[in-house]
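Have a look at entry-v7.txt; it's compact mmCIF, C-alpha atoms:
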```txt
# COMPACT_ATOMS: atom_id res chain seq x y z
CA MET Q 1 -96.18 70.84 -131.14
CA THR Q 2 -99.41 69.05 -132.05
CA SER Q 3 -100.56 65.68 -130.86
CA GLU Q 4 -103.72 63.64 -131.22
CA ASN Q 5 -103.73 63.24 -127.42
CA ILE Q 6 -103.95 66.96 -126.65
CA PRO Q 7 -107.30 68.74 -127.20
CA GLN Q 8 -107.06 71.58 -129.70
CA ASP Q 9 -108.59 73.96 -127.11
CA LEU Q 10 -105.63 73.37 -124.85
CA ILE Q 11 -103.09 73.97 -127.61
CA ASN Q 12 -104.92 77.15 -128.64
CA ALA Q 13 -104.70 78.38 -125.05
CA ILE Q 14 -100.88 78.50 -125.02
CA GLY Q 15 -99.92 82.07 -124.19
CA ILE Q 16 -103.10 82.89 -122.27
CA GLU Q 17 -102.50 84.72 -118.99
CA SER Q 18 -104.59 84.87 -115.81
CA SER Q 19 -105.86 88.23 -114.61
CA PRO Q 20 -103.52 89.83 -112.04
CA LEU Q 21 -104.07 89.28 -108.32
CA GLU Q 22 -102.65 91.44 -105.52
CA ASN Q 23 -101.35 89.80 -102.33
CA ASP Q 24 -100.33 91.51 -99.10
CA ILE Q 25 -97.17 89.89 -97.76
CA GLU Q 26 -97.78 89.51 -94.02
CA LYS Q 27 -95.15 89.09 -91.34
CA GLY Q 28 -97.19 86.38 -89.64
CA ALA Q 29 -97.58 84.42 -92.86
CA ILE Q 30 -93.80 84.50 -93.39
CA ARG Q 31 -93.25 83.27 -89.81
CA ARG Q 32 -95.77 80.45 -90.21
CA PHE Q 33 -94.19 79.42 -93.50
CA ALA Q 34 -90.66 79.41 -92.01
CA GLU Q 35 -91.95 77.36 -89.07
CA ALA Q 36 -93.68 74.89 -91.39
CA ILE Q 37 -90.52 74.25 -93.42
CA GLU Q 38 -88.54 74.17 -90.12
CA ASP Q 39 -86.03 76.75 -91.27
CA SER Q 40 -84.87 78.75 -88.24
CA ASN Q 41 -82.98 81.44 -90.19
CA PRO Q 42 -83.62 84.64 -88.17
CA ILE Q 43 -83.94 86.72 -91.34
CA TYR Q 44 -87.49 85.27 -91.68
CA THR Q 45 -88.63 86.11 -88.14
CA ASP Q 46 -86.35 88.71 -86.50
CA GLU Q 47 -87.17 92.15 -87.87
CA SER Q 48 -84.22 93.95 -86.24
CA TYR Q 49 -81.79 91.36 -87.66
CA ALA Q 50 -83.32 91.76 -91.14
CA LYS Q 51 -83.13 95.57 -90.88
CA LYS Q 52 -79.45 95.40 -89.89
CA LEU Q 53 -78.95 93.65 -93.22
CA ASN Q 54 -80.73 96.59 -94.92
CA TYR Q 55 -84.01 94.82 -95.63
CA ARG Q 56 -87.29 96.73 -95.15
CA SER Q 57 -88.63 94.03 -92.83
CA VAL Q 58 -88.39 90.26 -92.41
CA VAL Q 59 -87.59 88.49 -95.66
CA ALA Q 60 -89.73 85.78 -97.25
CA PRO Q 61 -88.03 82.37 -97.71
CA PRO Q 62 -87.25 81.60 -101.39
CA THR Q 63 -90.21 79.25 -101.87
CA PHE Q 64 -92.65 81.36 -99.80
CA LEU Q 65 -94.13 82.72 -103.03
CA ARG Q 66 -95.60 79.26 -103.49
CA SER Q 67 -98.16 80.28 -100.84
CA VAL Q 68 -99.11 83.49 -102.61
CA LEU Q 69 -102.38 83.27 -104.53
CA THR Q 70 -102.81 83.54 -108.27
CA ASN Q 71 -106.02 83.82 -110.26
CA PRO Q 72 -106.71 80.55 -112.09
CA LEU Q 73 -106.51 80.22 -115.84
CA PRO Q 74 -109.93 79.83 -117.52
CA ASP Q 75 -111.72 76.55 -116.71
CA ASN Q 76 -111.46 75.14 -120.20
CA ILE Q 77 -107.66 75.14 -119.93
CA LYS Q 78 -107.20 71.70 -118.49
CA SER Q 79 -105.88 68.30 -119.34
CA PRO Q 80 -108.33 65.59 -120.44
CA TYR Q 81 -106.58 63.33 -117.91
CA SER Q 82 -107.80 63.20 -114.31
CA ALA Q 83 -104.59 62.63 -112.35
CA VAL Q 84 -101.78 65.10 -111.85
CA VAL Q 85 -98.35 65.02 -110.27
CA ASP Q 86 -95.99 67.91 -109.66
CA GLY Q 87 -93.03 67.43 -111.96
CA GLY Q 88 -90.89 70.23 -110.65
CA SER Q 89 -90.30 73.90 -110.52
CA VAL Q 90 -87.82 76.52 -111.75
CA TRP Q 91 -87.49 79.72 -109.74
CA GLU Q 92 -85.69 82.84 -110.85
CA TYR Q 93 -85.15 85.53 -108.26
CA PHE Q 94 -84.50 89.18 -109.03
CA GLU Q 95 -85.41 91.20 -105.91
CA PRO Q 96 -86.05 90.26 -102.27
CA VAL Q 97 -89.62 89.92 -100.98
CA CYS Q 98 -90.25 91.39 -97.51
CA ALA Q 99 -93.18 91.70 -95.13
CA GLY Q 100 -95.28 94.72 -96.09
CA ASP Q 101 -94.75 94.21 -99.82
CA ILE Q 102 -97.69 93.93 -102.18
CA ILE Q 103 -97.04 91.21 -104.72
CA THR Q 104 -99.08 90.98 -107.90
CA THR Q 105 -99.19 87.57 -109.54
CA LYS Q 106 -99.98 86.56 -113.09
CA THR Q 107 -99.86 83.05 -114.48
CA LYS Q 108 -99.31 82.22 -118.14
CA LEU Q 109 -99.85 78.92 -119.91
CA GLN Q 110 -96.36 78.57 -121.39
CA ASP Q 111 -96.44 75.22 -123.15
CA VAL Q 112 -98.30 71.92 -123.49
CA PHE Q 113 -96.79 68.73 -124.85
CA ASP Q 114 -97.17 65.00 -124.38
CA ARG Q 115 -94.89 62.03 -123.92
CA ASP Q 116 -95.36 58.32 -123.41
CA GLY Q 117 -93.88 56.90 -120.23
CA ARG Q 118 -94.46 54.55 -117.36
CA LEU Q 119 -97.80 56.25 -116.56
CA GLY Q 120 -98.95 55.80 -120.17
CA ASN Q 121 -99.49 58.92 -122.27
CA MET Q 122 -98.71 61.98 -120.14
CA ILE Q 123 -99.63 65.56 -120.96
CA PHE Q 124 -97.17 68.10 -119.55
CA ILE Q 125 -98.57 71.52 -118.70
CA ILE Q 126 -95.98 74.25 -118.22
CA ARG Q 127 -97.10 77.42 -116.44
CA VAL Q 128 -95.06 80.52 -115.63
CA THR Q 129 -96.09 82.72 -112.73
CA SER Q 130 -94.62 86.21 -112.45
CA TYR Q 131 -94.42 88.08 -109.14
CA THR Q 132 -94.23 91.87 -109.26
CA ASN Q 133 -93.95 94.16 -106.24
CA GLN Q 134 -95.53 97.52 -105.34
CA ASN Q 135 -92.64 99.34 -107.10
CA SER Q 136 -93.44 97.52 -110.36
CA GLU Q 137 -90.25 95.47 -109.98
CA LEU Q 138 -90.38 91.87 -111.19
CA VAL Q 139 -89.19 90.05 -108.06
CA ALA Q 140 -89.39 86.43 -109.22
CA THR Q 141 -90.78 83.99 -111.73
CA GLN Q 142 -91.75 80.40 -111.12
CA THR Q 143 -92.11 77.89 -113.95
CA THR Q 144 -93.99 74.76 -112.92
CA THR Q 145 -94.45 71.44 -114.68
CA SER Q 146 -97.68 69.54 -114.05
CA ILE Q 147 -97.67 65.99 -115.36
CA THR Q 148 -101.19 64.73 -116.06
CA TYR Q 149 -102.17 61.15 -116.84
CA GLU Q 150 -105.10 58.76 -116.71
CA PRO Q 151 -104.75 56.29 -113.82
CA LYS Q 152 -104.97 52.66 -114.94
CA GLU Q 153 -107.64 50.36 -113.50
CA ASN Q 154 -106.01 47.75 -111.28
CA MET G 1 -76.06 81.01 -87.31
CA ASN G 2 -75.14 82.07 -90.85
CA GLN G 3 -71.46 82.68 -91.59
CA ASN G 4 -70.62 85.01 -94.42
CA LEU G 5 -69.42 83.21 -97.53
CA TYR G 6 -67.28 84.90 -100.19
CA LEU G 7 -66.49 84.16 -103.81
CA GLU G 8 -62.88 83.49 -102.80
CA ASP G 9 -64.06 80.65 -100.53
CA ILE G 10 -65.47 78.70 -103.48
CA SER G 11 -63.69 76.07 -105.53
CA ASN G 12 -64.91 73.75 -108.23
CA GLY G 13 -66.39 70.53 -106.90
CA MET G 14 -66.59 71.71 -103.29
CA GLU G 15 -69.39 70.19 -101.27
CA ILE G 16 -72.23 72.25 -99.83
CA PRO G 17 -72.69 71.36 -96.13
CA THR G 18 -75.50 68.79 -95.86
CA VAL G 19 -78.81 69.77 -94.27
CA LYS G 20 -80.70 66.90 -92.64
CA LYS G 21 -84.48 67.15 -92.38
CA ASP G 22 -86.81 64.92 -90.39
CA PRO G 23 -90.24 65.38 -91.95
CA THR G 24 -93.26 64.25 -89.90
CA THR G 25 -96.98 64.05 -90.66
CA GLN G 26 -97.36 67.08 -88.38
CA GLN G 27 -94.97 69.02 -90.60
CA LEU G 28 -97.03 68.07 -93.67
CA VAL G 29 -100.16 69.45 -92.02
CA LYS G 30 -98.30 72.65 -91.05
CA TYR G 31 -96.96 72.98 -94.58
CA ALA G 32 -100.43 72.41 -96.08
CA GLY G 33 -101.76 75.23 -93.92
CA ALA G 34 -98.85 77.60 -94.54
CA SER G 35 -98.68 77.01 -98.30
CA GLY G 36 -102.39 76.56 -99.04
CA ASP G 37 -101.76 73.19 -100.75
CA PHE G 38 -104.52 70.99 -99.39
CA TYR G 39 -104.20 68.04 -101.78
CA GLN G 40 -105.28 65.12 -99.55
CA ILE G 41 -102.40 62.80 -100.51
CA HIS G 42 -100.29 64.85 -98.09
CA TYR G 43 -102.36 64.28 -94.92
CA ASP G 44 -105.19 61.77 -95.46
CA MET G 45 -103.82 58.20 -95.24
CA ASP G 46 -106.94 56.53 -96.71
CA TYR G 47 -107.05 58.99 -99.59
CA ALA G 48 -103.36 58.43 -100.30
CA LYS G 49 -103.71 54.63 -100.22
CA ASN G 50 -106.78 54.74 -102.48
CA ASN G 51 -104.58 56.64 -104.95
CA GLY G 52 -102.06 53.82 -105.04
CA LEU G 53 -99.55 55.49 -102.69
CA PRO G 54 -97.85 53.69 -99.79
CA GLY G 55 -99.11 56.43 -97.45
CA VAL G 56 -99.13 60.20 -97.24
CA ILE G 57 -96.19 61.73 -99.09
CA LEU G 58 -94.25 64.97 -98.83
CA HIS G 59 -95.34 67.96 -100.92
CA GLY G 60 -92.91 68.48 -103.79
CA ALA G 61 -92.79 72.15 -102.85
CA LEU G 62 -91.73 71.25 -99.29
CA LYS G 63 -88.78 69.34 -100.74
CA ASN G 64 -88.12 72.44 -102.85
CA ALA G 65 -88.04 74.44 -99.59
CA PHE G 66 -85.50 72.00 -98.08
CA LEU G 67 -83.22 72.52 -101.09
CA ALA G 68 -83.64 76.30 -100.82
CA GLN G 69 -82.54 76.08 -97.17
CA LEU G 70 -79.48 74.03 -98.19
CA LEU G 71 -78.42 77.02 -100.29
CA THR G 72 -79.43 79.89 -98.00
CA ASP G 73 -77.76 78.25 -94.96
CA TRP G 74 -74.57 77.88 -97.02
CA ILE G 75 -74.39 81.28 -98.74
CA GLY G 76 -75.35 83.23 -95.61
CA PRO G 77 -76.96 86.66 -95.47
CA LEU G 78 -74.71 88.29 -98.08
CA GLY G 79 -75.10 85.68 -100.82
CA LYS G 80 -77.86 85.76 -103.42
CA LEU G 81 -79.89 82.87 -104.74
CA ASN G 82 -80.58 83.70 -108.38
CA LYS G 83 -82.06 80.47 -109.73
CA LEU G 84 -83.40 77.30 -108.15
CA GLU G 85 -84.51 74.39 -110.27
CA VAL G 86 -85.88 71.08 -108.96
CA GLN G 87 -87.32 67.93 -110.50
CA TYR G 88 -89.24 65.42 -108.43
CA ARG G 89 -88.10 61.88 -109.20
CA GLY G 90 -89.35 59.85 -106.27
CA MET G 91 -91.65 59.93 -103.27
CA ASP G 92 -90.62 60.88 -99.76
CA LEU G 93 -92.59 59.74 -96.74
CA PRO G 94 -92.92 61.33 -93.31
CA GLY G 95 -90.82 59.52 -90.71
CA VAL G 96 -88.00 58.98 -93.20
CA PRO G 97 -85.13 61.47 -92.87
CA VAL G 98 -83.89 63.22 -96.00
CA TYR G 99 -80.54 64.84 -96.64
CA ALA G 100 -80.25 67.98 -98.78
CA LYS G 101 -76.87 67.92 -100.51
CA GLY G 102 -75.02 69.66 -103.29
CA ASN G 103 -71.75 70.69 -104.80
CA VAL G 104 -70.20 73.44 -106.90
CA LYS G 105 -70.31 72.52 -110.56
CA GLU G 106 -68.92 75.59 -112.29
CA ILE G 107 -67.71 79.08 -111.49
CA SER G 108 -68.47 81.38 -114.42
CA SER G 109 -66.17 84.20 -115.44
CA ASP G 110 -68.85 86.72 -114.40
CA GLY G 111 -68.72 85.32 -110.84
CA THR G 112 -71.97 83.35 -110.87
CA ILE G 113 -71.70 79.93 -109.29
CA ASN G 114 -73.56 76.91 -110.67
CA CYS G 115 -74.40 74.17 -108.23
CA GLU G 116 -75.84 70.70 -108.42
CA ILE G 117 -78.31 69.95 -105.63
CA TRP G 118 -80.36 66.96 -104.59
CA LEU G 119 -82.32 65.27 -101.81
CA GLU G 120 -81.11 61.87 -100.78
CA LYS G 121 -82.46 59.18 -98.46
CA GLU G 122 -80.25 57.14 -96.13
CA ASP G 123 -79.98 54.38 -98.75
CA GLY G 124 -78.64 56.91 -101.28
CA GLU G 125 -81.78 57.13 -103.42
CA LYS G 126 -82.08 60.63 -104.89
CA THR G 127 -85.76 61.57 -104.80
CA THR G 128 -85.32 65.17 -105.98
CA VAL G 129 -82.59 66.57 -108.21
CA GLY G 130 -81.87 70.09 -109.27
CA LYS G 131 -79.57 72.96 -110.02
CA ALA G 132 -79.00 76.37 -108.57
CA ILE G 133 -77.21 79.56 -109.49
CA ILE G 134 -75.87 81.79 -106.72
CA THR G 135 -73.75 84.92 -106.50
CA LEU G 136 -71.47 85.86 -103.62
CA PRO G 137 -69.70 89.05 -102.59
CA SER G 138 -65.96 89.32 -103.15
CA LYS G 139 -63.49 89.98 -100.32
CA ASN G 140 -61.75 92.52 -102.55
```

Can you present the structure in this file as structure tokens?
Amino acid sequence: MTSENIPQDLINAIGIESSPLENDIEKGAIRRFAEAIEDSNPIYTDESYAKKLNYRSVVAPPTFLRSVLTNPLPDNIKSPYSAVVDGGSVWEYFEPVCAGDIITTKTKLQDVFDRDGRLGNMIFIIRVTSYTNQNSELVATQTTTSITYEPKEN
Amino acid sequence: MNQNLYLEDISNGMEIPTVKKDPTTQQLVKYAGASGDFYQIHYDMDYAKNNGLPGVILHGALKNAFLAQLLTDWIGPLGKLNKLEVQYRGMDLPGVPVYAKGNVKEISSDGTINCEIWLEKEDGEKTTVGKAIITLPSKN
């Protein structure tokens, strides 16, 4: 899709992927995340309980991967608009993530399009992050929608 | 805490047991630290107000976590969450309770279960809507 509102550089960047980044999944980080979301499921904090269920160690909550770092896309891949809101997220899960895993992330610019709405012209930036474990298994993907716009002067 | 749930327990339209959450500003700070999302609209009142917001607001991803808990509490340790999709429609503020709710929309022939999920305030406003796909073990 082309639009006079979207810089050509940004359209040309569709398909570009960040360089991979390895993350150690730490037991303490899982515990802190579970505490922050106030989810007391013992599978996130009680190792013996998790092992009884045949997991290697405590399990990461489904949205824990949000806290795992990714390398940024190149600097020139950005909206001309200064404000951004999180439009939403689509997770697909394939394998569990447990403490002790090493998760490699990569983020791809999947799509860019614009729409007119109550914030004026909005440029939607769709990114897909893939999460792969130490056994080269794809454990999850997350597709995020960033909605960018130019705030109006009041 | 988690009961096992089986495919045979599921019927079309059945409600997922509601999860009530009571977000506080302290929780937003904890979530910022745990997730690494330090956008100031989630903990700095002046910053939030200067950006046209009524005050600090919940992270979208925290609301996503509430909806994930709705599903994992319901399906128990044997169920699998395969897909979780959320769209943020409205703002949620600390101090205002939110209710994570959902229901079973469709049971596919391959045994996957499609659910509708959402976050609702006391007045019924849905601030986050979404869908999920889960799979459950069979009793047979």

Exercise. With a distance cut-off of 10 Å and only C-alpha atoms, select the neighbouring residues of G:Val129, excluding the residue or stretch itself and same-chain residues fewer than 5 positions from it, and output the selection as a VMD selection string.
Key: (chain Q and resid 88) or (chain G and resid 64 67 85 to 90 100 to 102 116 to 120)

Could you write out the selected residues, including C-alpha atoms, as a short mmCIF file (atom, residue, chain, number, x, y, z; two decimals), keeping the file's coordinate frame?
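Just written: out_7.cif:
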```
data_model
loop_
_atom_site.label_atom_id
_atom_site.label_comp_id
_atom_site.auth_asym_id
_atom_site.auth_seq_id
_atom_site.Cartn_x
_atom_site.Cartn_y
_atom_site.Cartn_z
CA GLY Q 88 -90.89 70.23 -110.65
CA ASN G 64 -88.12 72.44 -102.85
CA LEU G 67 -83.22 72.52 -101.09
CA GLU G 85 -84.51 74.39 -110.27
CA VAL G 86 -85.88 71.08 -108.96
CA GLN G 87 -87.32 67.93 -110.50
CA TYR G 88 -89.24 65.42 -108.43
CA ARG G 89 -88.10 61.88 -109.20
CA GLY G 90 -89.35 59.85 -106.27
CA ALA G 100 -80.25 67.98 -98.78
CA LYS G 101 -76.87 67.92 -100.51
CA GLY G 102 -75.02 69.66 -103.29
CA GLU G 116 -75.84 70.70 -108.42
CA ILE G 117 -78.31 69.95 -105.63
CA TRP G 118 -80.36 66.96 -104.59
CA LEU G 119 -82.32 65.27 -101.81
CA GLU G 120 -81.11 61.87 -100.78
#
```

Practice problem: Dump as a PyMOL selection string the residues of chain Q that approach chain G to within 7 Å, counting all atoms listed in the file. | Solution: chain Q and resi 32-33+36-37+39+62-63+66-67+86-94

Self-check item: Distance query G:Leu7 at most 10 Å, only C-alpha atoms, self and fewer than 6 positions along chain excluded, as a PyMOL selection string
Solution: chain G and resi 75+79+107+111-113+135-140

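As for atom CA of Q:Asn121 and atom CA of Q:Asn71, they are spaced 28.4 Å apart.
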
Quiz prompt | Spatial neighbours of G:Ile10, max dist 8 Å, all atoms listed in the file, sep filter under 4 positions, as a VMD selection string | solution = chain G and resid 6 14 104
